[in-house]
Structure formats: C-alpha cells, structure tokens
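Quick look at my_file_7.tsv (TSV, C-alpha atoms and all ligand atoms):
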chain	number	residue	atom	x	y	z
D	18	MET	CA	117.65	133.09	74.48
D	19	THR	CA	115.95	136.40	74.01
D	20	LYS	CA	112.43	136.81	75.15
D	21	HIS	CA	109.95	137.75	72.46
D	22	LYS	CA	106.97	139.62	73.63
D	23	ARG	CA	103.77	138.24	72.14
D	24	LYS	CA	101.86	140.77	70.13
D	25	ASP	CA	98.60	139.87	71.82
D	26	SER	CA	99.97	139.86	75.38
D	27	PRO	CA	98.01	142.03	77.75
D	28	LYS	CA	99.82	145.16	78.87
D	29	PRO	CA	101.44	144.86	82.28
D	30	GLY	CA	98.94	145.58	84.97
D	31	THR	CA	95.93	144.74	82.80
D	32	ARG	CA	93.91	141.57	83.16
D	33	GLY	CA	92.89	139.16	80.46
D	34	THR	CA	94.03	136.12	78.54
D	35	PRO	CA	95.86	136.55	75.25
D	36	GLY	CA	93.75	135.98	72.19
D	37	THR	CA	90.43	135.45	73.93
D	38	ASN	CA	88.65	138.19	72.04
D	39	ILE	CA	88.83	136.30	68.75
D	40	HIS	CA	86.88	133.25	69.91
D	41	LYS	CA	84.93	134.67	72.78
D	42	ALA	CA	81.64	134.79	70.96
D	43	THR	CA	81.66	131.28	69.50
D	44	THR	CA	83.72	128.93	71.69
D	45	ARG	CA	84.12	128.22	75.35
D	46	ARG	CA	87.47	127.04	76.64
D	47	PRO	CA	87.09	123.38	77.76
D	48	THR	CA	87.68	122.43	81.37
D	49	TRP	CA	90.56	120.03	82.11
D	50	ASP	CA	88.11	117.15	82.48
D	51	GLU	CA	86.50	117.97	79.13
D	52	TYR	CA	89.91	118.28	77.51
D	53	PHE	CA	91.15	114.88	78.75
D	54	LEU	CA	87.84	113.14	78.02
D	55	LYS	CA	87.98	114.39	74.46
D	56	ILE	CA	91.46	112.91	74.05
D	57	THR	CA	90.22	109.67	75.66
D	58	ARG	CA	87.57	109.41	72.94
D	59	GLU	CA	90.25	109.82	70.28
D	60	VAL	CA	92.36	107.08	71.90
D	61	ALA	CA	89.35	104.73	71.91
D	62	GLN	CA	89.16	104.92	68.13
D	63	ARG	CA	92.29	102.74	67.92
D	64	SER	CA	90.45	99.90	69.66
D	65	THR	CA	90.07	96.55	67.92
D	66	CYS	CA	87.26	95.21	70.10
D	67	LEU	CA	84.11	94.12	68.33
D	68	ARG	CA	81.82	95.13	71.14
D	69	ARG	CA	83.01	98.28	72.80
D	70	GLN	CA	85.72	100.75	71.87
D	71	VAL	CA	87.34	101.86	75.09
D	72	GLY	CA	90.04	104.46	75.64
D	73	ALA	CA	91.95	105.24	78.84
D	74	LEU	CA	94.28	108.02	79.93
D	75	LEU	CA	96.39	108.26	83.08
D	76	VAL	CA	96.82	111.88	84.08
D	77	LEU	CA	98.79	113.50	86.88
D	78	ASP	CA	99.24	117.23	87.45
D	79	LYS	CA	97.43	117.96	84.16
D	80	ARG	CA	99.89	115.80	82.23
D	81	ILE	CA	99.15	112.64	80.29
D	82	LEU	CA	101.37	109.85	81.62
D	83	ALA	CA	100.07	106.93	79.59
D	84	THR	CA	97.29	105.94	77.22
D	85	GLY	CA	95.58	102.68	76.33
D	86	TYR	CA	92.79	101.19	74.27
D	87	ASN	CA	91.35	97.68	74.28
D	88	GLY	CA	92.81	95.12	71.92
D	89	ALA	CA	94.81	91.91	71.62
D	90	PRO	CA	98.39	91.65	72.94
D	91	LYS	CA	101.16	93.12	70.76
D	92	GLY	CA	101.62	91.40	67.41
D	93	LEU	CA	98.69	89.03	67.87
D	94	ALA	CA	95.55	88.80	65.76
D	95	HIS	CA	92.78	91.06	66.98
D	96	CYS	CA	89.15	90.12	67.66
D	97	LEU	CA	88.46	92.42	64.72
D	98	ASP	CA	90.40	90.00	62.46
D	99	ILE	CA	89.47	86.57	63.80
D	100	GLY	CA	86.32	87.14	65.82
D	101	CYS	CA	85.73	87.11	69.56
D	102	LEU	CA	84.59	84.14	71.63
D	103	ARG	CA	82.48	86.35	73.86
D	104	GLU	CA	80.66	87.60	70.83
D	105	LYS	CA	80.20	84.06	69.44
D	106	LEU	CA	78.80	82.79	72.74
D	107	GLY	CA	76.59	85.83	73.18
D	108	ILE	CA	78.00	86.70	76.61
D	109	PRO	CA	76.34	89.75	78.15
D	110	PRO	CA	78.36	92.91	78.96
D	111	GLY	CA	80.28	92.75	82.23
D	112	GLU	CA	80.64	88.93	82.23
D	113	ARG	CA	83.33	86.34	81.33
D	114	GLN	CA	85.90	88.89	80.17
D	115	GLU	CA	88.63	86.23	80.31
D	116	LEU	CA	87.16	84.67	77.17
D	117	CYS	CA	88.28	87.63	75.04
D	118	ARG	CA	91.89	87.74	73.81
D	119	GLY	CA	91.96	91.50	74.19
D	120	LEU	CA	93.43	93.50	77.05
D	121	HIS	CA	91.32	96.27	78.49
D	122	ALA	CA	92.18	99.92	77.82
D	123	GLU	CA	92.97	100.56	81.50
D	124	MET	CA	95.28	97.51	81.61
D	125	ASN	CA	97.15	98.74	78.54
D	126	ALA	CA	97.57	102.21	80.05
D	127	LEU	CA	98.92	100.70	83.29
D	128	LEU	CA	101.23	98.36	81.35
D	129	GLN	CA	102.49	101.24	79.25
D	130	ALA	CA	103.39	103.16	82.41
D	131	ALA	CA	105.06	100.06	83.87
D	132	SER	CA	107.03	99.38	80.67
D	133	TYR	CA	108.46	102.88	80.65
D	134	GLY	CA	108.93	103.17	84.41
D	135	ILE	CA	106.45	106.00	84.87
D	136	GLN	CA	105.14	106.66	88.36
D	137	ILE	CA	101.37	106.89	88.38
D	138	GLY	CA	100.60	107.03	92.09
D	139	GLY	CA	97.90	109.65	92.73
D	140	ALA	CA	96.90	109.77	89.06
D	141	THR	CA	93.43	110.28	87.62
D	142	LEU	CA	92.11	107.76	85.12
D	143	TYR	CA	90.04	109.18	82.28
D	144	THR	CA	88.11	106.50	80.46
D	145	THR	CA	85.26	106.14	78.01
D	146	ASN	CA	83.64	103.46	80.22
D	147	HIS	CA	83.58	102.70	83.93
D	148	PRO	CA	86.31	100.09	84.67
D	149	CYS	CA	85.45	96.40	85.18
D	150	ILE	CA	86.26	94.63	88.46
D	151	THR	CA	89.64	93.33	87.23
D	152	CYS	CA	90.81	96.75	86.09
D	153	ALA	CA	89.40	98.38	89.23
D	154	LYS	CA	91.57	96.13	91.43
D	155	MET	CA	94.67	96.94	89.37
D	156	LEU	CA	93.94	100.67	89.41
D	157	ILE	CA	93.57	100.63	93.19
D	158	ASN	CA	96.95	98.95	93.63
D	159	CYS	CA	98.63	101.37	91.24
D	160	GLY	CA	97.47	104.24	93.42
D	161	VAL	CA	94.90	105.77	91.07
D	162	ARG	CA	92.82	108.11	93.22
D	163	ARG	CA	90.17	109.41	90.86
D	164	ILE	CA	88.29	108.01	87.89
D	165	VAL	CA	86.38	110.10	85.37
D	166	ALA	CA	84.29	107.94	83.03
D	167	LEU	CA	82.25	109.17	80.09
D	168	ASP	CA	79.87	106.24	80.27
D	169	ASP	CA	78.79	103.66	82.80
D	170	TYR	CA	79.40	99.89	82.72
D	171	PRO	CA	77.23	97.25	84.39
D	172	ASP	CA	79.64	96.00	87.07
D	173	GLY	CA	78.31	96.45	90.61
D	174	LEU	CA	81.24	94.68	92.25
D	175	SER	CA	83.68	97.06	90.60
D	176	LYS	CA	81.75	100.04	91.95
D	177	ASP	CA	81.67	98.55	95.46
D	178	ILE	CA	85.39	97.85	95.53
D	179	LEU	CA	86.34	101.32	94.25
D	180	LYS	CA	84.10	102.88	96.88
D	181	GLU	CA	85.66	100.75	99.60
D	182	ALA	CA	89.14	101.82	98.44
D	183	GLY	CA	88.12	105.49	98.58
D	184	VAL	CA	88.64	106.12	94.87
D	185	ARG	CA	86.55	109.07	93.66
D	186	VAL	CA	84.45	108.04	90.69
D	187	GLU	CA	82.63	110.47	88.42
D	188	ILE	CA	80.47	109.22	85.57
D	189	VAL	CA	79.35	111.72	82.97
D	190	LYS	CA	76.47	109.50	81.78
D	191	PRO	CA	75.50	107.19	84.67
D	192	HIS	CA	73.14	104.24	84.16
D	193	LYS	CA	69.68	104.83	85.44
D	194	SER	CA	68.87	102.14	87.98
D	201	ZN	ZN	87.27	89.95	72.00
D	202	ZN	ZN	88.62	96.08	82.57

Kindly return the structure encoded in the file as structure tokens.
Amino acid sequence: MTKHKRKDSPKPGTRGTPGTNIHKATTRRPTWDEYFLKITREVAQRSTCLRRQVGALLVLDKRILATGYNGAPKGLAHCLDIGCLREKLGIPPGERQELCRGLHAEMNALLQAASYGIQIGGATLYTTNHPCITCAKMLINCGVRRIVALDDYPDGLSKDILKEAGVRVEIVKPHKS
C-alpha cells in the first residue's frame, strides 16, 4: 500500500497537530476520561430501567472492551414494559436490588466480556453512577483497577469494599455528606 501524505500534515521538523487551527477557537479536545464518559452517557440511553438509566464501559489501554446498560435479561420483558417491583413497593435507592428483574449496567458489561472471552484485568470502568455493592464485588474479582463515575450512588458498603480492595474511584459529581 502506498502512503498518502495528508494535506494538513505538519512539515517534518515542525510541531503541531493536523487540523487544529480550524477548531482551535471554538472547541477544546476532550480528555480520555471526558471522551469515555460521553460514550457512557450514550450507552445509558438504551436502558430500560424505570428509575435510573445507567451505562457502563470497560476500557483498557484507551480501548473499549465491553459496554452495558441496565435492563432485563435477554428476550425477557423489561421493567419499562411490565413495571418494576421496587418501584411498586417504593424501595429507596441502594436497597433491595434483587427485587428488580433487571441486570445492572456493570454486570452486563462484565457478562459481555465473559461471553466473548475478552480479558478485562486491569481495566477501568466508566459508569454513569457509582457501582452498588454487588457490582463492586464482581468488578474487584474481574481485576478492574479504576472506576470513573459521573454521579454518586448511596451505597456506603460498596465504597468501603472498593477502598479496601485498592480500586481507585473518581466521582465527577460526588454526594455532599
Ligand atoms: Zn426494575
Ligand atoms: Zn450494581
């Protein structure tokens, strides 16, 4: 294959990124965290949960390995279609998650990686919300080393266990306590 020189490539020996001049004044190039969080928000839009639309991304070496959003198991009716028991019983956030038929976004991302035989040891989890205790335990055992969450979630036990496991957690919008 012949190499085509890009028209906007900088001349050898000069510094600069191709094409930056066009957008320089109006846009700033997003950081990797911003980039993946933005995609995480898009993923969350596929959620079928009545209460909270959550998206999750497993990333290693700046590459997306798996994605997930919260919803019922494959082929089954979603809470969106038939209602959710947690909603009916008025269960507060962070409690009795087993009463919902949906899987969490993080679980679905982990299961996607498992289904396709993708190694995720050392990965970063990007998520719209801080993981619950159940997901936190799974993430620890899958070797996830860093979590970047857009928003917090009221689960103190989850935070304690992640801290004990040495997982780095960054929350963009932490709860004020
Ligand atoms: Zn539900
Ligand atoms: Zn969870």

Within 8 Å of ligand ZN 202 (chain D), which residues of chain D come that close, and what is the closest atom pair and distance in Å for each? Count all atoms listed in the file and give it as a Markdown table.
| residue | atom | partner | partner_atom | distance |
| --- | --- | --- | --- | --- |
| D:Leu120 | CA | D:ZN202 | ZN | 7.8 |
| D:His121 | CA | D:ZN202 | ZN | 4.9 |
| D:Ala122 | CA | D:ZN202 | ZN | 7.1 |
| D:Glu123 | CA | D:ZN202 | ZN | 6.3 |
| D:Met124 | CA | D:ZN202 | ZN | 6.9 |
| D:Pro148 | CA | D:ZN202 | ZN | 5.1 |
| D:Cys149 | CA | D:ZN202 | ZN | 4.1 |
| D:Ile150 | CA | D:ZN202 | ZN | 6.5 |
| D:Thr151 | CA | D:ZN202 | ZN | 5.5 |
| D:Cys152 | CA | D:ZN202 | ZN | 4.2 |
| D:Ala153 | CA | D:ZN202 | ZN | 7.1 |

Residues within 6 Å of ligand ZN 201 (chain D) should be enumerated using all atoms listed in the file and returned as a PDB file with C-alpha atoms, keeping the file's coordinate frame.
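File result_9.pdb, as written:
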ATOM      1  CA  CYS D  66      87.260  95.210  70.100  1.00  0.00           C
ATOM      2  CA  CYS D  96      89.150  90.120  67.660  1.00  0.00           C
ATOM      3  CA  CYS D 101      85.730  87.110  69.560  1.00  0.00           C
ATOM      4  CA  CYS D 117      88.280  87.630  75.040  1.00  0.00           C
ATOM      5  CA  ARG D 118      91.890  87.740  73.810  1.00  0.00           C
ATOM      6  CA  GLY D 119      91.960  91.500  74.190  1.00  0.00           C
TER       7      GLY D 119
END

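Across the model, the gap from atom CA of Ala130 of chain D to atom CA of Leu179 of chain D is 20.8 Å.
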
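Minimum atom-to-atom distances from D:Pro90, D:Pro47, D:Gly160, D:Pro191 to His147 of chain D were compared using all atoms listed in the file, and the lowest value belongs to D:Pro191.
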
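Between atom CA of Leu167 of chain D and atom CA of Lys190 of chain D there is a distance of 6.0 Å.
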
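Taking atom CA of Lys79 of chain D and atom CA of Arg163 of chain D as endpoints, the distance between them is 13.1 Å.
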
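With all atoms listed in the file as the basis for measurement, D:Tyr86 is the residue among D:Asp172, D:Leu77, D:Thr43, D:Tyr86 that approaches Gln62 of chain D most closely.
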
*Near segment 107-110 of chain D, within 9 Å and counting all atoms listed in the file, which residues show up once chain neighbours fewer than 2 positions away are dropped, as a count of residues only?*
11

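Comparing D:Thr65, D:Glu115, D:Lys180, D:Val161 by their smallest distance to Gly139 of chain D, the closest is D:Val161 (using all atoms listed in the file).
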